[in-house]
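As provided, start34.cif (mmCIF, C-alpha atoms and all ligand atoms) reads as follows.
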data_final
loop_
_atom_site.label_atom_id
_atom_site.label_comp_id
_atom_site.auth_asym_id
_atom_site.auth_seq_id
_atom_site.Cartn_x
_atom_site.Cartn_y
_atom_site.Cartn_z
CA MET A 1 -57.63 284.69 103.81
CA SER A 2 -60.81 285.25 105.86
CA SER A 3 -59.27 283.01 108.51
CA THR A 4 -56.60 285.69 109.24
CA HIS A 5 -58.93 287.51 111.61
CA PRO A 6 -61.83 286.01 113.56
CA ASN A 7 -64.07 288.97 112.71
CA TYR A 8 -63.33 289.14 109.00
CA HIS A 9 -66.24 287.46 107.20
CA LEU A 10 -65.67 288.19 103.50
CA ASP A 11 -64.77 285.83 100.72
CA ASP A 12 -61.08 285.80 99.89
CA ALA A 13 -61.30 287.83 96.69
CA LEU A 14 -63.35 290.64 98.23
CA LEU A 15 -61.33 290.56 101.45
CA SER A 16 -58.07 291.15 99.66
CA GLN A 17 -59.57 294.04 97.68
CA VAL A 18 -61.02 295.64 100.82
CA LEU A 19 -57.80 295.18 102.78
CA ALA A 20 -55.75 296.65 99.93
CA ILE A 21 -57.92 299.79 100.01
CA LEU A 22 -57.84 300.05 103.80
CA ASP A 23 -54.07 299.70 103.69
CA THR A 24 -53.86 302.94 101.68
CA PHE A 25 -55.47 304.91 104.53
CA GLN A 26 -52.74 306.39 106.63
CA ASP A 27 -53.55 307.39 110.20
CA THR A 28 -51.84 310.77 110.51
CA TYR A 29 -51.36 310.55 114.26
CA LEU A 30 -49.99 307.00 114.44
CA ASN A 31 -48.20 307.32 111.11
CA LYS A 32 -49.36 303.82 110.13
CA SER A 33 -52.08 302.52 107.84
CA LEU A 34 -55.43 301.59 109.40
CA LEU A 35 -54.54 298.00 108.65
CA SER A 36 -51.00 297.91 110.00
CA ALA A 37 -52.12 299.80 113.13
CA GLY A 38 -54.50 296.89 113.80
CA MET A 39 -57.52 299.20 113.75
CA VAL A 40 -59.75 297.16 111.41
CA THR A 41 -61.70 295.00 113.84
CA LYS A 42 -64.64 293.81 111.76
CA LEU A 43 -65.48 293.14 108.10
CA ALA A 44 -68.70 291.55 106.96
CA ILE A 45 -71.12 291.99 104.08
CA GLU A 46 -74.90 291.82 103.71
CA GLY A 47 -75.92 292.14 100.08
CA LYS A 48 -73.86 295.10 98.92
CA ARG A 49 -73.64 296.68 102.37
CA LEU A 50 -70.22 296.36 103.95
CA GLN A 51 -69.98 296.37 107.74
CA LEU A 52 -66.69 297.84 108.86
CA GLY A 53 -65.48 298.05 112.47
CA LEU A 54 -62.63 300.38 113.38
CA CYS A 55 -61.06 300.68 116.81
CA TYR A 56 -58.90 303.66 117.74
CA SER A 57 -56.30 303.55 120.49
CA TYR A 58 -56.50 307.34 120.92
CA PRO A 59 -59.51 309.64 121.10
CA CYS A 60 -60.47 311.43 117.85
CA GLN A 61 -64.26 311.59 117.82
CA THR A 62 -64.34 314.93 115.99
CA GLN A 63 -62.61 313.25 113.02
CA TYR A 64 -65.03 310.30 112.66
CA ARG A 65 -67.25 311.97 110.06
CA ASP A 66 -64.36 312.73 107.71
CA ILE A 67 -62.84 309.26 108.23
CA VAL A 68 -66.14 307.50 107.47
CA MET A 69 -66.74 309.65 104.38
CA ALA A 70 -63.28 309.04 102.94
CA VAL A 71 -63.28 305.29 103.67
CA THR A 72 -66.81 304.87 102.29
CA LYS A 73 -65.94 306.73 99.10
CA ALA A 74 -62.90 304.54 98.48
CA LEU A 75 -64.61 301.21 99.32
CA ALA A 76 -67.71 302.02 97.25
CA THR A 77 -65.54 302.02 94.13
CA LEU A 78 -65.60 298.19 94.38
CA ASP A 79 -68.42 296.56 92.39
CA ALA A 80 -69.41 294.38 95.35
CA ILE A 81 -69.99 297.36 97.65
CA ASP A 82 -72.68 300.05 97.46
CA GLU A 83 -72.82 301.14 101.08
CA VAL A 84 -70.54 301.05 104.12
CA GLU A 85 -71.85 300.81 107.66
CA CYS A 86 -68.94 301.90 109.82
CA GLU A 87 -68.80 301.46 113.59
CA ILE A 88 -65.95 303.25 115.33
CA ASP A 89 -64.80 302.46 118.83
CA PHE A 90 -62.10 303.94 121.07
CA GLN A 91 -60.18 301.67 123.47
CA PRO A 92 -56.99 302.93 125.11
CA GLU A 93 -54.75 300.44 126.91
CA THR A 94 -53.97 300.59 130.61
CA VAL A 95 -50.39 301.78 131.06
CA SER A 96 -47.92 302.80 133.72
CA ALA A 97 -44.48 303.78 132.45
CA ILE A 98 -43.13 303.04 135.89
CA SER A 99 -42.69 299.32 136.27
CA ALA A 100 -42.55 299.48 140.07
CA VAL A 101 -45.95 301.21 140.31
CA GLU A 102 -49.09 299.32 139.35
CA PRO A 103 -51.73 301.22 137.34
CA LEU A 104 -54.73 302.33 139.42
CA PRO A 105 -57.76 300.06 138.98
CA ASN A 106 -60.07 302.55 137.27
CA ILE A 107 -57.60 304.90 135.57
CA LYS A 108 -56.17 303.68 132.26
CA GLN A 109 -53.52 306.33 131.65
CA ILE A 110 -52.06 309.22 133.62
CA ILE A 111 -50.66 312.26 131.83
CA ALA A 112 -48.45 314.63 133.84
CA VAL A 113 -48.50 318.22 132.56
CA ALA A 114 -45.31 319.91 133.71
CA SER A 115 -43.20 322.99 133.15
CA GLY A 116 -39.75 323.91 134.32
CA LYS A 117 -40.82 327.43 135.18
CA GLY A 118 -43.95 328.94 136.76
CA GLY A 119 -46.37 331.18 134.89
CA VAL A 120 -45.90 329.70 131.40
CA GLY A 121 -49.53 328.58 131.20
CA LYS A 122 -49.18 325.00 132.47
CA SER A 123 -52.53 324.96 134.32
CA THR A 124 -54.32 326.65 131.41
CA THR A 125 -52.89 323.98 129.12
CA ALA A 126 -53.69 321.11 131.52
CA VAL A 127 -57.32 322.12 131.92
CA ASN A 128 -57.88 322.73 128.19
CA LEU A 129 -56.08 319.47 127.34
CA ALA A 130 -58.31 317.53 129.75
CA LEU A 131 -61.45 319.07 128.22
CA ALA A 132 -60.12 318.52 124.68
CA LEU A 133 -59.51 314.80 125.40
CA ALA A 134 -63.11 314.64 126.63
CA ALA A 135 -64.33 316.47 123.49
CA GLU A 136 -62.56 313.76 121.48
CA GLY A 137 -64.59 311.07 123.23
CA ALA A 138 -62.48 310.07 126.24
CA SER A 139 -63.56 309.82 129.84
CA VAL A 140 -61.28 312.25 131.68
CA GLY A 141 -60.29 313.44 135.14
CA ILE A 142 -57.95 316.19 136.27
CA LEU A 143 -55.90 316.28 139.45
CA ASP A 144 -54.59 319.63 140.53
CA ALA A 145 -51.20 318.82 142.03
CA ASP A 146 -50.03 322.42 141.87
CA ILE A 147 -49.83 322.57 145.62
CA TYR A 148 -48.39 326.08 145.76
CA GLY A 149 -51.05 327.66 143.56
CA PRO A 150 -54.01 325.34 142.98
CA SER A 151 -55.87 327.15 140.18
CA ILE A 152 -57.91 324.32 138.62
CA PRO A 153 -61.03 324.89 140.82
CA MET A 154 -61.19 328.50 139.58
CA MET A 155 -60.43 327.55 135.98
CA LEU A 156 -63.25 324.96 135.99
CA GLY A 157 -65.67 327.21 137.91
CA VAL A 158 -65.94 324.83 140.91
CA GLU A 159 -64.19 326.92 143.64
CA ASP A 160 -67.05 326.32 146.08
CA PHE A 161 -66.97 322.53 145.81
CA LYS A 162 -66.17 320.74 149.07
CA PRO A 163 -65.35 317.02 148.78
CA VAL A 164 -67.17 314.71 151.16
CA SER A 165 -66.21 311.27 152.32
CA PRO A 166 -69.27 309.18 153.22
CA ASP A 167 -67.13 306.18 154.29
CA GLY A 168 -64.32 308.24 155.84
CA LYS A 169 -61.83 306.79 153.32
CA ILE A 170 -62.62 307.85 149.76
CA MET A 171 -63.43 311.45 148.75
CA THR A 172 -65.86 312.66 146.12
CA PHE A 173 -64.65 314.61 143.07
CA ALA A 174 -66.07 317.78 141.52
CA PRO A 175 -67.93 317.22 138.25
CA ALA A 176 -67.09 320.07 135.86
CA HIS A 177 -67.90 320.46 132.14
CA GLY A 178 -68.10 316.66 131.80
CA ILE A 179 -64.80 315.81 133.51
CA ALA A 180 -63.96 314.79 137.11
CA ALA A 181 -61.78 317.22 139.08
CA GLN A 182 -59.89 316.94 142.35
CA SER A 183 -57.70 319.61 143.89
CA ILE A 184 -55.79 320.25 147.06
CA GLY A 185 -57.39 323.69 146.73
CA PHE A 186 -60.78 322.18 147.74
CA MET A 187 -59.32 321.26 151.13
CA LEU A 188 -57.27 324.31 152.00
CA ASP A 189 -58.17 327.84 152.90
CA GLY A 190 -56.31 330.71 151.35
CA ASP A 191 -52.57 330.17 150.87
CA GLN A 192 -52.22 327.49 153.58
CA ALA A 193 -50.39 325.20 151.14
CA ALA A 194 -47.63 327.68 150.39
CA VAL A 195 -45.81 326.80 153.62
CA TRP A 196 -45.76 323.04 153.01
CA ARG A 197 -42.44 321.31 152.67
CA GLY A 198 -41.76 319.00 149.72
CA PRO A 199 -42.32 315.56 151.30
CA MET A 200 -45.53 316.70 153.03
CA ALA A 201 -46.88 318.11 149.78
CA ALA A 202 -45.92 314.99 147.81
CA GLY A 203 -47.59 312.74 150.41
CA ALA A 204 -50.80 314.77 150.24
CA LEU A 205 -50.86 314.52 146.48
CA VAL A 206 -50.40 310.75 146.36
CA GLN A 207 -53.24 310.58 148.88
CA LEU A 208 -55.47 312.79 146.71
CA LEU A 209 -54.80 310.50 143.78
CA THR A 210 -55.44 307.22 145.54
CA GLU A 211 -58.23 308.35 147.88
CA THR A 212 -60.52 310.02 145.36
CA GLU A 213 -63.56 308.15 144.14
CA TRP A 214 -62.57 308.53 140.47
CA PRO A 215 -65.08 307.23 137.95
CA GLU A 216 -63.78 304.88 135.23
CA LEU A 217 -61.27 307.12 133.41
CA ASP A 218 -59.43 306.74 130.14
CA TYR A 219 -57.10 309.58 131.11
CA LEU A 220 -56.24 311.43 134.29
CA VAL A 221 -54.40 314.68 133.62
CA ILE A 222 -52.18 315.81 136.50
CA ASP A 223 -51.36 319.51 136.70
CA MET A 224 -47.90 319.27 138.30
CA PRO A 225 -46.34 322.03 140.42
CA PRO A 226 -43.85 324.13 138.43
CA GLY A 227 -40.16 323.29 138.63
CA THR A 228 -38.14 320.11 138.83
CA GLY A 229 -37.80 319.64 142.57
CA ASP A 230 -38.48 316.91 145.12
CA ILE A 231 -42.24 316.86 144.65
CA GLN A 232 -41.95 316.10 140.97
CA LEU A 233 -39.43 313.35 141.58
CA THR A 234 -41.46 311.77 144.37
CA LEU A 235 -44.57 311.90 142.24
CA SER A 236 -42.82 310.37 139.28
CA GLN A 237 -41.72 307.48 141.48
CA LYS A 238 -45.01 306.86 143.29
CA VAL A 239 -47.64 307.64 140.67
CA PRO A 240 -48.28 305.29 137.74
CA VAL A 241 -47.67 308.00 135.14
CA SER A 242 -47.94 306.96 131.48
CA GLY A 243 -46.31 310.03 129.92
CA ALA A 244 -45.55 313.72 130.37
CA VAL A 245 -46.37 316.86 128.42
CA ILE A 246 -43.98 319.78 128.85
CA VAL A 247 -45.35 323.31 128.56
CA THR A 248 -43.04 326.18 127.73
CA THR A 249 -43.09 329.66 126.27
CA PRO A 250 -40.63 330.51 123.50
CA GLN A 251 -38.45 332.67 125.79
CA ASP A 252 -34.91 331.39 126.28
CA ILE A 253 -35.28 331.35 130.07
CA ALA A 254 -38.48 329.26 129.92
CA LEU A 255 -36.93 326.91 127.35
CA ALA A 256 -33.87 326.37 129.54
CA ASP A 257 -36.16 325.36 132.42
CA ALA A 258 -38.31 323.21 130.14
CA LYS A 259 -35.17 321.27 129.16
CA LYS A 260 -34.64 320.50 132.84
CA GLY A 261 -38.21 319.18 132.89
CA VAL A 262 -37.51 316.86 129.94
CA SER A 263 -34.33 315.72 131.64
CA MET A 264 -36.13 314.98 134.92
CA PHE A 265 -38.74 312.76 133.24
CA GLN A 266 -36.01 311.05 131.27
CA LYS A 267 -34.19 310.18 134.48
CA VAL A 268 -37.25 308.38 135.81
CA ASN A 269 -38.06 306.73 132.45
CA ILE A 270 -41.34 308.51 131.88
CA PRO A 271 -41.90 309.07 128.15
CA VAL A 272 -42.05 312.72 127.16
CA LEU A 273 -45.06 312.82 124.85
CA GLY A 274 -44.14 316.22 123.48
CA ILE A 275 -43.91 319.93 124.00
CA VAL A 276 -46.66 322.55 123.98
CA GLU A 277 -45.42 326.02 123.15
CA ASN A 278 -47.74 328.50 124.84
CA MET A 279 -47.91 332.24 124.13
CA SER A 280 -46.14 331.31 120.93
CA PHE A 281 -47.36 334.19 118.80
CA HIS A 282 -49.74 337.12 118.85
CA LEU A 283 -52.20 338.01 116.12
CA CYS A 284 -52.99 341.73 115.91
CA PRO A 285 -56.78 341.97 116.35
CA GLU A 286 -56.81 345.01 114.01
CA CYS A 287 -54.76 343.86 111.02
CA GLY A 288 -54.14 340.12 111.67
CA HIS A 289 -50.36 340.63 111.67
CA LYS A 290 -48.57 337.75 113.43
CA ASP A 291 -45.69 338.62 115.69
CA HIS A 292 -43.63 336.66 118.22
CA PRO A 293 -43.31 338.75 121.40
CA PHE A 294 -41.32 336.01 123.21
CA GLY A 295 -39.21 334.90 120.25
CA ALA A 296 -39.85 332.42 117.44
CA GLU A 297 -39.08 328.75 116.81
CA GLY A 298 -37.84 328.01 120.35
CA GLY A 299 -40.31 325.16 120.99
CA GLN A 300 -39.66 323.65 117.55
CA LYS A 301 -35.89 323.74 118.03
CA MET A 302 -36.19 322.15 121.44
CA ALA A 303 -38.53 319.45 120.12
CA THR A 304 -36.15 318.66 117.25
CA ARG A 305 -33.16 318.55 119.53
CA TYR A 306 -34.78 316.22 122.05
CA LYS A 307 -36.52 314.16 119.34
CA VAL A 308 -39.97 314.68 120.84
CA PRO A 309 -43.01 316.04 118.99
CA LEU A 310 -43.99 319.69 119.11
CA LEU A 311 -47.61 319.02 120.02
CA GLY A 312 -48.91 322.49 119.25
CA GLN A 313 -48.45 326.23 119.54
CA LEU A 314 -51.00 328.42 121.28
CA PRO A 315 -51.30 332.14 120.66
CA LEU A 316 -50.99 334.77 123.37
CA GLN A 317 -54.66 335.70 123.29
CA LEU A 318 -56.78 337.64 125.72
CA ASN A 319 -59.78 335.30 125.65
CA ILE A 320 -57.65 332.27 126.66
CA ARG A 321 -57.06 334.05 129.99
CA GLU A 322 -60.58 335.48 130.24
CA ASP A 323 -62.17 332.06 129.64
CA VAL A 324 -60.21 330.31 132.41
CA ASP A 325 -60.79 333.28 134.72
CA LYS A 326 -64.54 332.81 134.17
CA GLY A 327 -64.35 329.07 134.90
CA THR A 328 -65.16 328.02 131.33
CA PRO A 329 -61.94 327.21 129.44
CA THR A 330 -61.85 328.04 125.71
CA VAL A 331 -62.29 324.39 124.61
CA VAL A 332 -65.83 324.51 126.06
CA ALA A 333 -66.49 328.29 125.96
CA ASP A 334 -65.88 328.57 122.22
CA GLU A 335 -65.60 325.07 120.80
CA SER A 336 -65.61 326.20 117.17
CA SER A 337 -62.72 328.65 117.70
CA GLN A 338 -59.27 328.17 116.23
CA VAL A 339 -57.79 327.91 119.75
CA ALA A 340 -60.20 325.10 120.74
CA GLY A 341 -59.19 323.35 117.51
CA ILE A 342 -55.50 323.62 118.45
CA TYR A 343 -56.16 322.10 121.90
CA ARG A 344 -58.15 319.21 120.35
CA GLU A 345 -55.34 318.57 117.88
CA ILE A 346 -52.91 318.49 120.84
CA ALA A 347 -55.25 316.04 122.63
CA ARG A 348 -55.29 313.68 119.62
CA LYS A 349 -51.51 313.84 119.38
CA VAL A 350 -51.09 313.18 123.12
CA GLY A 351 -53.44 310.17 122.92
CA ALA A 352 -51.63 308.85 119.85
CA GLN A 353 -48.20 309.30 121.43
CA LEU A 354 -49.38 307.33 124.46
CA ALA A 355 -50.63 304.58 122.15
CA LEU A 356 -47.29 304.56 120.33
CA CYS A 357 -45.38 304.34 123.64
CA GLN A 358 -47.16 301.05 124.35
CA ALA A 359 -45.78 299.57 121.17
CA GLN A 360 -42.36 300.85 122.19
CA PRO A 361 -42.37 301.19 126.00
CA LYS A 362 -39.06 302.97 126.52
CA VAL A 363 -38.77 306.26 124.68
CA SER A 364 -35.18 307.32 124.60
CA ILE A 365 -34.49 311.01 124.51
CA SER A 366 -31.07 312.03 123.38
CA MET A 367 -29.53 314.52 125.81
CA SER A 368 -26.44 316.52 125.14
CA ASP A 369 -24.09 317.15 128.04
CA ASP A 370 -24.50 320.93 127.99
CA GLU A 371 -27.79 320.80 129.93
N1 LIG B 401 -52.02 331.51 125.66
C1 LIG B 401 -52.37 332.40 126.59
N2 LIG B 401 -52.80 333.64 126.25
C2 LIG B 401 -53.14 334.55 127.20
N3 LIG B 401 -53.06 334.33 128.52
C3 LIG B 401 -52.63 333.10 128.92
C4 LIG B 401 -52.28 332.07 127.99
N4 LIG B 401 -51.90 330.97 128.69
C5 LIG B 401 -52.02 331.28 130.00
N5 LIG B 401 -52.46 332.56 130.14
C6 LIG B 401 -52.65 333.28 131.40
O1 LIG B 401 -51.35 333.39 132.01
C7 LIG B 401 -51.45 333.24 133.44
C8 LIG B 401 -50.60 332.08 133.91
O2 LIG B 401 -51.17 330.88 133.40
P1 LIG B 401 -51.24 329.54 134.26
O3 LIG B 401 -51.76 329.80 135.63
O4 LIG B 401 -51.91 328.54 133.42
O5 LIG B 401 -49.70 329.25 134.33
P2 LIG B 401 -48.90 328.18 135.19
O6 LIG B 401 -47.70 327.86 134.39
O7 LIG B 401 -49.79 327.07 135.59
O8 LIG B 401 -48.53 329.06 136.43
P3 LIG B 401 -48.14 328.54 137.90
O9 LIG B 401 -46.99 327.67 137.69
O10 LIG B 401 -47.81 329.82 138.58
O11 LIG B 401 -49.34 327.84 138.43
C9 LIG B 401 -52.94 333.05 133.72
O12 LIG B 401 -53.51 334.30 134.04
C10 LIG B 401 -53.51 332.55 132.40
O13 LIG B 401 -54.86 332.88 132.24
#

Can the structure from this file be put into structure tokens for me?
Ligand SMILES: Nc1ncnc2c1ncn2[C@@H]1O[C@H](COP(=O)(O)OP(=O)(O)OP(=O)(O)O)[C@@H](O)[C@H]1O
Amino acid sequence: MSSTHPNYHLDDALLSQVLAILDTFQDTYLNKSLLSAGMVTKLAIEGKRLQLGLCYSYPCQTQYRDIVMAVTKALATLDAIDEVECEIDFQPETVSAISAVEPLPNIKQIIAVASGKGGVGKSTTAVNLALALAAEGASVGILDADIYGPSIPMMLGVEDFKPVSPDGKIMTFAPAHGIAAQSIGFMLDGDQAAVWRGPMAAGALVQLLTETEWPELDYLVIDMPPGTGDIQLTLSQKVPVSGAVIVTTPQDIALADAKKGVSMFQKVNIPVLGIVENMSFHLCPECGHKDHPFGAEGGQKMATRYKVPLLGQLPLQLNIREDVDKGTPTVVADESSQVAGIYREIARKVGAQLALCQAQPKVSISMSDDE
């Protein structure tokens, strides 16, 4: 049996016992066992010390400790094993959902963060998602494509950054809280961009993407402009996007627009990785009572109807706004907070959904004809 995998070096009896145990460990995000997800990359033994290699296709560094503890406890029940030395690696694939557009050389996956309607918290979500992916161990960039209101420089505290281009071709990015940021806002003064027409804006954005000196990135998060107009369509045809995250609030009007967003990505065959419901609930700071100022269950119903995951629900909370206003989003400002935990959970789900899309490249979203 040891011949089944080039890096499995155990005798047949022990190998089958170890594999049987590893097969009982279900990865919650991929909904497969560690074994069937192909994550067990190495098995060897030295005395009674088992060497185990695991490779994740999505970032989940904050979970490693719990994973190692649980796996070690289970494997150490075998007589032949006293100790487990576990090495965990993270290796996402390189993917473009758009067959006509080649992936960029140093960007493995591009995640478009979109909303049908303005003001629902798309940029706040994009910036916290990017930082949460980084907190989970990924190398991350963010591109502010919100041409009509570039807010990422402010949210990351890098408003004064001015890109330079030593060779006259490729521009530098702004390093911020461990991620790489680029924004049309770095190049424009005031509200210059507001007068741009669609094609001009779309052209500038493709240029920003391809003419930035991005470092090697696992994920590039694109903060899309709100709406479902020409810019979004052009971008989804010219940018090697791997998947899209739709941000909505639970209000009916925002949900109706978010459905248009889902529909737009469906038309161009970009997998919708899921929905983030922002300003989902409010917790009374005095008594802890939870209420739903914009309505309840809207995001869940929409996710169920379109057969896409509800990635997470964020509260309407003062410090989420204050933290981005100060240039230090909550994921880095208060990493042990419940809100930072929700964003990291969303990041793990987004990474896992992207990994699942590779196994099944075309995600079909059922649409009813009343949209
Ligand atoms: N969960 C939240 N709780 C409290 N305030 C929030 C929350 N999410 C976003 N905000 C605040 O709401 C405002 C709008 O958010 P943001 O700019 O992220 O929205 P947007 O959808 O990107 O808007 P636009 O499309 O106009 O760029 C900001 O002031 C932001 O700080």

Quiz item: Nearest to A:Ile21: which of A:Ala76, A:Ile45, A:Ile270, A:Val350 is it, counting all atoms listed in the file?
Solution: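 Residue with the minimum atom-to-atom distance to A:Ile21: A:Ala76.
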
Practice problem: Would you mind telling me which residue in A:Ala176, A:Ile107, A:Asp252, A:Tyr148 lies nearest to A:Glu213 when using all atoms listed in the file? | Solution: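 Of the candidates, the smallest distance to A:Glu213 is held by A:Ile107.
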
Exercise. Measuring atom to atom with all atoms listed in the file, identify which of A:Lys169, A:Lys301, A:Lys290, A:Lys117 is nearest to ligand LIG 401 (chain B).
Key: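 Closest candidate: A:Lys117.
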
Practice problem: Kindly compile the residues surrounding ligand LIG 401 (chain B) within 6 Å, counting only C-alpha atoms and all ligand atoms, and format them as a list in words. | Solution: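 Listed by chain and ascending number, the contacts are Gly118, Gly119, Val120, Gly121, Lys122, Ser123, Thr124, Gly149, Pro226, Asn278, Met279, Leu314, Pro315, Leu316, Gln317, Leu318, Ile320, Arg321 and Val324 of chain A.
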
Give me, as a Markdown table, the closest atom pair and its distance (Å, one decimal) for every residue of stretch 266-345 of chain A within a cut-off of 7 Å of stretch 154-160 of chain A, counting all atoms listed in the file, rows sorted by chain and rising number.
| residue | atom | partner | partner_atom | distance |
| --- | --- | --- | --- | --- |
| A:Val324 | CA | A:Met155 | CA | 4.5 |
| A:Asp325 | CA | A:Met155 | CA | 5.9 |
| A:Lys326 | CA | A:Gly157 | CA | 6.8 |
| A:Gly327 | CA | A:Gly157 | CA | 3.8 |
| A:Thr328 | CA | A:Leu156 | CA | 5.9 |
| A:Pro329 | CA | A:Met155 | CA | 6.7 |

Quiz item: Rounded to one decimal in Å, what is the spacing between atom CA of A:Asp223 and atom CA of A:Val245?
Solution: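 Spanning atom CA of A:Asp223 to atom CA of A:Val245 is a straight-line distance of 10.0 Å.
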
Exercise. Tell me, in Å to one decimal, how far atom CA of A:Asp79 is from atom CA of A:Glu46.
Key: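 A separation of 13.9 Å between them.
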
Quiz item: From the list A:Leu188, A:Met302, A:Val95, A:Leu233, which residue is nearest A:Leu354 when using only C-alpha atoms?
Solution: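 Using only C-alpha atoms, the shortest distance to A:Leu354 belongs to A:Val95.
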
Practice problem: Could you jot down the atom CA of A:Val308 to atom CA of A:Gln232 separation for me, Å, one decimal place? | Solution: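 Separating atom CA of A:Val308 from atom CA of A:Gln232 is a distance of 20.3 Å.
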
Listed atoms of stretch 83-87 of chain A, axis-aligned box, 4 Å per side: centre and edge lengths to one decimal in Å, as JSON?
{"center_x": -70.8, "center_y": 301.4, "center_z": 107.3, "size_x": 12.0, "size_y": 9.1, "size_z": 20.5}

Quiz prompt | Expected answer as a PyMOL selection string: all residues with atoms within 12 Å of (-56.4, 332.6, 116.8), all atoms listed in the file | solution = chain A and resi 279-285+288-290+313-320+330+334+336-343

Practice problem: Using only C-alpha atoms, pick whichever of A:Val71, A:Ile88, A:Cys60, A:Leu14 has the shortest atom-to-atom distance to A:Met39. | Solution: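 For A:Met39, the nearest of the given residues is A:Ile88.
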
Quiz item: When distances are computed from all atoms listed in the file, which of A:Asn106, A:Lys349, A:Ala355, A:Gly168 shows the smallest separation from A:Tyr29?
Solution: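 Under the stated criterion, the closest residue is A:Lys349.
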